[in-house]
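S.K.: Just so it is clear, I am handing over run-v4.csv, which has CSV, C-alpha atoms.
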```csv
chain,number,residue,atom,x,y,z
A,1,MET,CA,-91.8,71.9,117.0
A,2,SER,CA,-90.3,74.3,119.4
A,3,HIS,CA,-87.0,73.9,117.6
A,4,GLN,CA,-88.6,74.9,114.3
A,5,GLN,CA,-90.1,78.0,115.9
A,6,GLN,CA,-86.8,78.7,117.5
A,7,TYR,CA,-84.9,78.6,114.2
A,8,ALA,CA,-87.6,80.4,112.2
A,9,GLY,CA,-86.2,83.8,113.0
A,10,PRO,CA,-82.6,83.3,111.9
A,11,ARG,CA,-83.8,81.4,108.8
A,12,GLY,CA,-86.1,84.2,107.9
A,13,ALA,CA,-83.3,86.7,108.3
A,14,ALA,CA,-80.9,84.6,106.4
A,15,GLY,CA,-83.4,84.1,103.7
A,16,ALA,CA,-84.0,87.8,103.4
A,17,ALA,CA,-80.3,88.5,103.2
A,18,ALA,CA,-79.9,85.8,100.6
A,19,ARG,CA,-82.7,87.3,98.6
A,20,GLU,CA,-81.1,90.8,98.8
A,21,ARG,CA,-77.8,89.3,97.6
A,22,GLY,CA,-79.6,87.5,94.8
A,23,LYS,CA,-81.3,90.8,93.8
A,24,ALA,CA,-77.9,92.6,93.8
A,25,ARG,CA,-76.3,89.9,91.6
A,26,LEU,CA,-79.3,90.0,89.2
A,27,ARG,CA,-78.9,93.7,88.9
A,28,ALA,CA,-75.2,93.5,88.4
A,29,VAL,CA,-75.5,90.8,85.7
A,30,THR,CA,-78.3,92.7,83.9
A,31,ILE,CA,-76.3,95.9,83.9
A,32,SER,CA,-73.2,94.0,82.7
A,33,ALA,CA,-75.2,92.4,79.9
A,34,ALA,CA,-76.7,95.7,78.8
A,35,ALA,CA,-73.3,97.3,78.8
A,36,ALA,CA,-71.7,94.4,76.9
A,37,SER,CA,-74.5,94.5,74.4
A,38,LEU,CA,-74.0,98.2,73.7
A,39,ILE,CA,-70.2,97.8,73.5
A,40,GLY,CA,-70.6,94.8,71.3
A,41,ALA,CA,-73.0,96.6,68.9
A,42,GLY,CA,-70.5,99.4,68.6
A,43,ALA,CA,-67.6,97.0,68.0
A,44,VAL,CA,-69.6,95.1,65.4
A,45,ALA,CA,-70.6,98.3,63.7
A,46,VAL,CA,-66.9,99.4,63.5
A,47,ALA,CA,-65.8,96.0,62.3
A,48,LEU,CA,-68.5,95.6,59.7
A,49,PRO,CA,-67.0,97.9,57.0
A,50,ALA,CA,-63.9,95.8,56.8
A,51,ALA,CA,-65.9,92.7,56.2
A,52,SER,CA,-68.2,94.3,53.7
A,53,SER,CA,-65.6,96.5,51.9
A,54,SER,CA,-64.8,93.8,49.3
A,55,ALA,CA,-68.5,93.4,48.6
A,56,ALA,CA,-68.8,97.2,48.3
A,57,ALA,CA,-65.8,97.2,46.0
A,58,SER,CA,-67.4,94.5,43.9
A,59,THR,CA,-70.5,96.6,43.7
A,60,SER,CA,-68.6,99.6,42.5
A,61,GLN,CA,-66.9,97.3,40.0
A,62,ALA,CA,-70.3,96.2,38.9
A,63,ALA,CA,-71.3,99.8,38.4
A,64,SER,CA,-68.3,100.2,36.2
A,65,GLY,CA,-69.2,97.2,34.2
A,66,SER,CA,-66.6,94.7,35.3
A,67,GLY,CA,-68.2,93.0,38.3
A,68,SER,CA,-71.0,90.5,38.3
A,69,SER,CA,-71.5,89.8,42.0
A,70,GLY,CA,-73.4,92.9,43.1
A,71,GLY,CA,-75.7,90.9,45.3
A,72,SER,CA,-73.1,89.4,47.4
A,73,GLY,CA,-72.3,92.3,49.6
A,74,ALA,CA,-74.1,93.8,52.4
A,75,SER,CA,-77.8,93.9,52.4
A,76,LYS,CA,-77.9,97.1,50.6
A,77,SER,CA,-75.9,96.3,47.6
A,78,GLY,CA,-78.2,93.6,46.4
A,79,SER,CA,-81.3,95.4,47.4
A,80,SER,CA,-82.3,97.8,44.8
A,81,SER,CA,-83.0,96.4,41.4
A,82,SER,CA,-84.1,99.7,40.1
A,83,GLY,CA,-80.6,100.9,39.3
A,84,LEU,CA,-77.0,100.7,40.2
A,85,SER,CA,-76.5,104.3,41.2
A,86,SER,CA,-78.3,104.1,44.5
A,87,PRO,CA,-76.6,101.0,46.0
A,88,ALA,CA,-73.3,101.9,44.5
A,89,SER,CA,-73.3,105.4,46.0
A,90,ALA,CA,-73.5,104.6,49.6
A,91,PRO,CA,-71.2,101.6,50.0
A,92,ALA,CA,-68.8,103.0,47.3
A,93,SER,CA,-68.3,106.1,49.3
A,94,SER,CA,-67.3,103.9,52.2
A,95,SER,CA,-65.5,101.4,50.2
A,96,GLY,CA,-62.9,103.9,49.0
A,97,SER,CA,-61.3,104.0,52.4
A,98,GLY,CA,-62.6,100.6,53.5
A,99,GLN,CA,-60.9,98.9,50.6
A,100,VAL,CA,-57.6,100.4,51.4
A,101,THR,CA,-57.7,99.6,55.1
A,102,SER,CA,-59.4,96.3,55.0
A,103,GLY,CA,-56.3,94.4,54.0
A,104,GLY,CA,-54.5,95.3,57.1
A,105,SER,CA,-57.3,95.2,59.6
B,1,MET,CA,-63.7,106.4,59.7
B,2,HIS,CA,-64.4,102.8,58.9
B,3,GLY,CA,-67.0,103.9,56.3
B,4,ILE,CA,-69.5,105.0,59.0
B,5,THR,CA,-70.9,108.3,57.9
B,6,SER,CA,-74.1,110.2,58.5
B,7,GLY,CA,-75.5,108.6,55.4
B,8,THR,CA,-74.6,105.0,56.3
B,9,ALA,CA,-75.0,105.2,60.1
B,10,LEU,CA,-78.4,103.6,60.1
B,11,TRP,CA,-77.2,100.9,57.8
B,12,TYR,CA,-74.4,99.9,60.2
B,13,ALA,CA,-76.6,100.4,63.2
B,14,SER,CA,-79.2,98.0,61.8
B,15,ARG,CA,-76.7,95.3,61.0
B,16,ALA,CA,-74.9,95.7,64.3
B,17,THR,CA,-78.0,95.6,66.4
B,18,GLY,CA,-79.2,92.6,64.4
B,19,VAL,CA,-76.0,90.7,65.4
B,20,VAL,CA,-76.4,91.7,69.1
B,21,SER,CA,-80.0,90.7,69.0
B,22,LEU,CA,-79.1,87.3,67.7
B,23,VAL,CA,-76.6,86.8,70.5
B,24,LEU,CA,-79.1,88.0,73.2
B,25,LEU,CA,-81.9,85.9,71.9
B,26,SER,CA,-79.6,82.9,71.9
B,27,ALA,CA,-78.7,83.6,75.5
B,28,VAL,CA,-82.4,83.9,76.4
B,29,MET,CA,-83.1,80.6,74.7
B,30,ILE,CA,-80.2,78.9,76.5
B,31,ILE,CA,-81.4,80.1,79.9
B,32,GLY,CA,-85.0,79.2,79.1
B,33,ILE,CA,-84.0,75.7,78.0
B,34,LEU,CA,-81.6,75.0,80.9
B,35,VAL,CA,-83.6,76.4,83.7
B,36,ASN,CA,-86.7,74.5,84.5
B,37,ARG,CA,-88.7,74.7,87.7
B,38,GLN,CA,-85.9,73.3,89.9
B,39,GLY,CA,-83.1,74.7,87.7
B,40,ARG,CA,-80.4,77.1,88.9
B,41,LEU,CA,-77.4,78.8,87.5
B,42,PRO,CA,-74.2,79.0,89.5
B,43,GLY,CA,-74.1,82.0,91.9
B,44,LEU,CA,-77.8,82.9,91.3
B,45,PRO,CA,-80.8,81.8,93.2
B,46,ARG,CA,-83.8,80.5,91.3
B,47,PHE,CA,-85.8,83.8,91.4
B,48,ALA,CA,-82.7,85.6,90.1
B,49,VAL,CA,-82.3,83.2,87.2
B,50,LEU,CA,-86.0,83.8,86.2
B,51,GLY,CA,-85.4,87.5,86.6
B,52,LEU,CA,-82.3,87.2,84.4
B,53,HIS,CA,-84.3,85.4,81.8
B,54,ARG,CA,-86.9,88.1,81.9
B,55,ASN,CA,-84.4,91.0,81.8
B,56,LEU,CA,-82.3,89.5,79.0
B,57,SER,CA,-85.5,89.0,77.1
B,58,LEU,CA,-86.5,92.6,77.5
B,59,LEU,CA,-82.9,93.7,76.5
B,60,ALA,CA,-83.1,91.5,73.4
B,61,VAL,CA,-86.5,93.0,72.5
B,62,ALA,CA,-85.0,96.4,72.8
B,63,PHE,CA,-82.2,95.6,70.4
B,64,VAL,CA,-84.7,93.9,68.1
B,65,GLY,CA,-86.7,97.1,68.2
B,66,LEU,CA,-83.6,99.1,67.4
B,67,HIS,CA,-82.8,96.7,64.6
B,68,VAL,CA,-86.2,97.1,63.0
B,69,VAL,CA,-86.4,100.9,63.5
B,70,THR,CA,-83.0,101.5,61.9
B,71,ALA,CA,-83.8,99.1,59.1
B,72,VAL,CA,-87.0,100.9,58.3
B,73,ALA,CA,-85.5,104.3,58.7
B,74,ASP,CA,-82.5,103.5,56.5
B,75,SER,CA,-83.1,105.1,53.1
B,76,PHE,CA,-81.0,102.7,51.0
B,77,VAL,CA,-83.5,99.9,51.1
B,78,SER,CA,-87.2,100.6,51.2
B,79,ILE,CA,-88.8,98.5,53.9
B,80,SER,CA,-92.3,99.5,54.7
B,81,LEU,CA,-93.8,99.4,58.2
B,82,ALA,CA,-96.3,96.9,56.9
B,83,ALA,CA,-93.5,94.6,55.9
B,84,VAL,CA,-92.1,94.7,59.4
B,85,VAL,CA,-95.2,92.9,60.8
B,86,ILE,CA,-96.8,91.3,57.8
B,87,PRO,CA,-94.7,88.3,56.7
B,88,PHE,CA,-93.4,88.1,53.1
B,89,ALA,CA,-94.9,91.5,52.2
B,90,SER,CA,-91.5,93.1,51.6
B,91,SER,CA,-90.4,93.8,48.0
B,92,TYR,CA,-86.8,93.4,49.2
B,93,LYS,CA,-85.7,89.9,49.9
B,94,PRO,CA,-89.3,88.9,50.7
B,95,LEU,CA,-88.5,85.4,52.0
B,96,TRP,CA,-85.7,86.4,54.4
B,97,LEU,CA,-87.4,89.6,55.7
B,98,GLY,CA,-90.6,87.6,55.9
B,99,LEU,CA,-89.0,85.2,58.3
B,100,GLY,CA,-87.9,88.2,60.3
B,101,ALA,CA,-91.5,89.4,60.4
B,102,VAL,CA,-92.6,86.0,61.5
B,103,SER,CA,-90.1,86.0,64.3
B,104,LEU,CA,-91.1,89.5,65.4
B,105,ASP,CA,-94.7,88.6,65.4
B,106,LEU,CA,-94.0,85.5,67.6
B,107,MET,CA,-92.0,87.7,70.0
B,108,ALA,CA,-94.8,90.2,70.1
B,109,ALA,CA,-97.3,87.4,70.9
B,110,VAL,CA,-95.1,86.3,73.8
B,111,ILE,CA,-94.6,89.8,75.1
B,112,VAL,CA,-98.3,90.7,74.9
B,113,THR,CA,-99.4,87.5,76.6
B,114,SER,CA,-96.7,88.0,79.3
B,115,LEU,CA,-98.0,91.5,80.0
B,116,LEU,CA,-101.5,90.2,80.2
B,117,ARG,CA,-100.6,87.1,82.0
B,118,ARG,CA,-103.0,87.5,84.8
B,119,HIS,CA,-105.9,88.0,82.4
B,120,VAL,CA,-104.9,85.3,80.0
B,121,GLY,CA,-104.3,82.5,82.4
B,122,ARG,CA,-101.2,80.5,83.1
B,123,ARG,CA,-102.0,77.6,80.7
B,124,ALA,CA,-102.7,79.9,77.7
B,125,TRP,CA,-99.6,82.0,78.6
B,126,ARG,CA,-97.5,78.9,78.8
B,127,ALA,CA,-98.8,77.7,75.4
B,128,VAL,CA,-98.0,81.0,73.8
B,129,HIS,CA,-94.6,81.2,75.5
B,130,TRP,CA,-93.6,78.0,73.7
B,131,LEU,CA,-93.8,80.1,70.6
B,132,ALA,CA,-90.6,81.8,71.7
B,133,TYR,CA,-88.8,78.5,71.0
B,134,ALA,CA,-90.1,78.7,67.4
B,135,SER,CA,-89.1,82.4,67.2
B,136,TRP,CA,-85.4,81.8,67.6
B,137,PRO,CA,-84.7,79.4,64.7
B,138,VAL,CA,-86.8,81.6,62.5
B,139,ALA,CA,-84.8,84.6,63.6
B,140,VAL,CA,-81.6,82.7,62.9
B,141,LEU,CA,-82.7,81.8,59.4
B,142,HIS,CA,-83.7,85.5,58.8
B,143,SER,CA,-80.2,86.6,60.0
B,144,ILE,CA,-78.3,84.1,57.8
B,145,GLY,CA,-80.5,84.7,54.7
B,146,SER,CA,-80.8,88.4,54.8
B,147,SER,CA,-77.3,89.4,55.7
B,148,THR,CA,-74.1,88.2,54.1
B,149,ASP,CA,-72.2,89.6,57.1
B,150,LEU,CA,-72.7,86.3,58.8
B,151,HIS,CA,-71.4,84.2,56.0
B,152,ARG,CA,-67.7,84.7,56.8
B,153,GLY,CA,-65.2,85.7,59.4
B,154,LEU,CA,-65.8,86.2,63.1
B,155,LEU,CA,-69.5,86.7,62.6
B,156,LEU,CA,-69.8,83.3,61.0
B,157,ASP,CA,-68.1,81.8,64.0
B,158,LEU,CA,-70.4,83.8,66.3
B,159,THR,CA,-73.4,82.5,64.5
B,160,ILE,CA,-72.2,78.9,64.6
B,161,ALA,CA,-71.4,79.3,68.3
B,162,CYS,CA,-74.9,80.5,69.0
B,163,ILE,CA,-76.5,77.6,67.1
B,164,ALA,CA,-74.2,75.1,68.8
B,165,ALA,CA,-74.8,76.5,72.3
B,166,VAL,CA,-78.6,76.4,71.8
B,167,ALA,CA,-78.4,72.9,70.3
B,168,GLY,CA,-76.2,71.8,73.2
B,169,ALA,CA,-78.6,73.2,75.8
B,170,LEU,CA,-81.5,71.5,74.0
B,171,ALA,CA,-79.7,68.2,74.0
B,172,TRP,CA,-78.9,68.5,77.7
B,173,ARG,CA,-82.5,69.3,78.5
B,174,VAL,CA,-83.9,66.4,76.4
B,175,ALA,CA,-81.4,64.0,77.9
B,176,ARG,CA,-82.2,65.1,81.4
B,177,ALA,CA,-86.0,64.8,80.7
B,178,SER,CA,-85.7,61.4,79.2
B,179,ALA,CA,-83.7,60.2,82.2
B,180,ALA,CA,-86.3,61.4,84.6
B,181,LEU,CA,-89.3,59.3,85.6
B,182,PRO,CA,-92.1,59.6,83.1
B,183,ARG,CA,-94.9,61.7,84.4
B,184,ALA,CA,-97.5,59.0,84.0
B,185,ARG,CA,-95.5,56.7,86.2
B,186,ARG,CA,-94.6,59.2,88.9
B,187,VAL,CA,-97.7,58.8,91.1
B,188,PRO,CA,-97.8,55.0,91.1
B,189,GLU,CA,-94.1,54.9,91.9
B,190,LEU,CA,-94.4,57.4,94.7
B,191,MET,CA,-97.4,55.7,96.1
B,192,ALA,CA,-95.6,52.4,96.1
B,193,ASP,CA,-92.4,53.6,97.7
B,194,PRO,CA,-92.3,56.9,99.6
B,195,ARG,CA,-88.6,57.1,99.6
B,196,PRO,CA,-88.2,58.7,96.2
B,197,MET,CA,-90.5,61.4,97.3
B,198,ALA,CA,-88.3,62.0,100.3
B,199,ARG,CA,-85.2,62.1,98.1
B,200,ALA,CA,-87.0,64.5,95.7
B,201,GLY,CA,-87.8,66.7,98.6
B,202,ASP,CA,-84.2,66.8,99.7
B,203,ARG,CA,-83.1,68.2,96.3
```
For this file, write the structure as structure tokens.

M.R.:
Amino acid sequence: MSHQQQYAGPRGAAGAAARERGKARLRAVTISAAAASLIGAGAVAVALPAASSSAAASTSQAASGSGSSGGSGASKSGSSSSGLSSPASAPASSSGSGQVTSGGS
Amino acid sequence: MHGITSGTALWYASRATGVVSLVLLSAVMIIGILVNRQGRLPGLPRFAVLGLHRNLSLLAVAFVGLHVVTAVADSFVSISLAAVVIPFASSYKPLWLGLGAVSLDLMAAVIVTSLLRRHVGRRAWRAVHWLAYASWPVAVLHSIGSSTDLHRGLLLDLTIACIAAVAGALAWRVARASAALPRARRVPELMADPRPMARAGDR
């Protein structure tokens, strides 16, 4: 009994220190995850045009009458059934450069 | 540069935040599955693991919010605010966006009950919190169905990795639970032999 009381102090101090270390690690991991998420989102955004350039190109081809897979591309290309001008305009403007660069990237 | 212009920025932002949301939600699911009451992660005490689960959940919700806001604000596809919360109300890809709305509603239920946890009660909160487990597969289906970005390349690998990781965590949890003593038999076993209780206390 007396031993327990004797060690209660150091245990409490050690526990508080461990808790502070845990809080610090939690803060570090959370900040790292948030930073990685932002960086990852930026990287994905930059990488996406190369992946969707072929689809955008197919959309522009569909607009010219040769393509038939307008719905295969990014979510936009297959979205509007009202007309080809709207979906073709946005991706096509990006596909001009994206189509050229996608082969090498 | 890379096709990102002022006119397409929201489009890319919506898709990119959707991908990151999928990864974050998968991480939240994995931590939630792996960590039970006695569970720990290497280098983190138990309270920090629970805190990490909560913080990653909030981070995932923030990215889901960005994903939704940019999708609605994007002018190429008309997604109404009602379609964001009302399942299958969208005129654009109603099934896949409807699944996204279902997942969002489930997340909202979990968040609201978590914020009102003291008023709702632990049992009700826990019951609603289980909805989060249903929210993830619905979100994955929404991601795969609504975006062809995930159908090829690195993003396909990323999606498969997320699904495999969650499935692996689930299998581990189920195997561990089945190996443990059934709850109905715990009390008689402990009453008959106090040693298991002592061993459990040592863990």

S.K.: If we count all atoms listed in the file, which residues of chain B reach to within 7 Å of chain A? Please list them as a compact mmCIF listing (two decimals) with C-alpha atoms, in the coordinates of the input.

M.R.:
```
# COMPACT_ATOMS: atom_id res chain seq x y z
CA HIS B 2 -64.40 102.80 58.90
CA GLY B 3 -67.00 103.90 56.30
CA THR B 8 -74.60 105.00 56.30
CA TYR B 12 -74.40 99.90 60.20
CA ALA B 13 -76.60 100.40 63.20
CA ALA B 16 -74.90 95.70 64.30
CA THR B 17 -78.00 95.60 66.40
CA VAL B 20 -76.40 91.70 69.10
CA LEU B 44 -77.80 82.90 91.30
CA PRO B 45 -80.80 81.80 93.20
CA ALA B 48 -82.70 85.60 90.10
CA LEU B 52 -82.30 87.20 84.40
CA ASN B 55 -84.40 91.00 81.80
CA LEU B 59 -82.90 93.70 76.50
CA PHE B 76 -81.00 102.70 51.00
CA VAL B 77 -83.50 99.90 51.10
CA TYR B 92 -86.80 93.40 49.20
CA SER B 146 -80.80 88.40 54.80
CA SER B 147 -77.30 89.40 55.70
CA THR B 148 -74.10 88.20 54.10
CA ASP B 149 -72.20 89.60 57.10
```

S.K.: From the options B:Arg122, B:His142, B:Arg46, B:Lys93, which residue's atoms come nearest to Leu22 in chain B, counting only C-alpha atoms?

M.R.: B:His142

S.K.: How many Å lie between CA of Ala83 in chain B and CA of Phe63 in chain B, rounded to one decimal?

M.R.: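 Atom-to-atom, CA of Ala83 in chain B and CA of Phe63 in chain B are spaced 18.4 Å apart.
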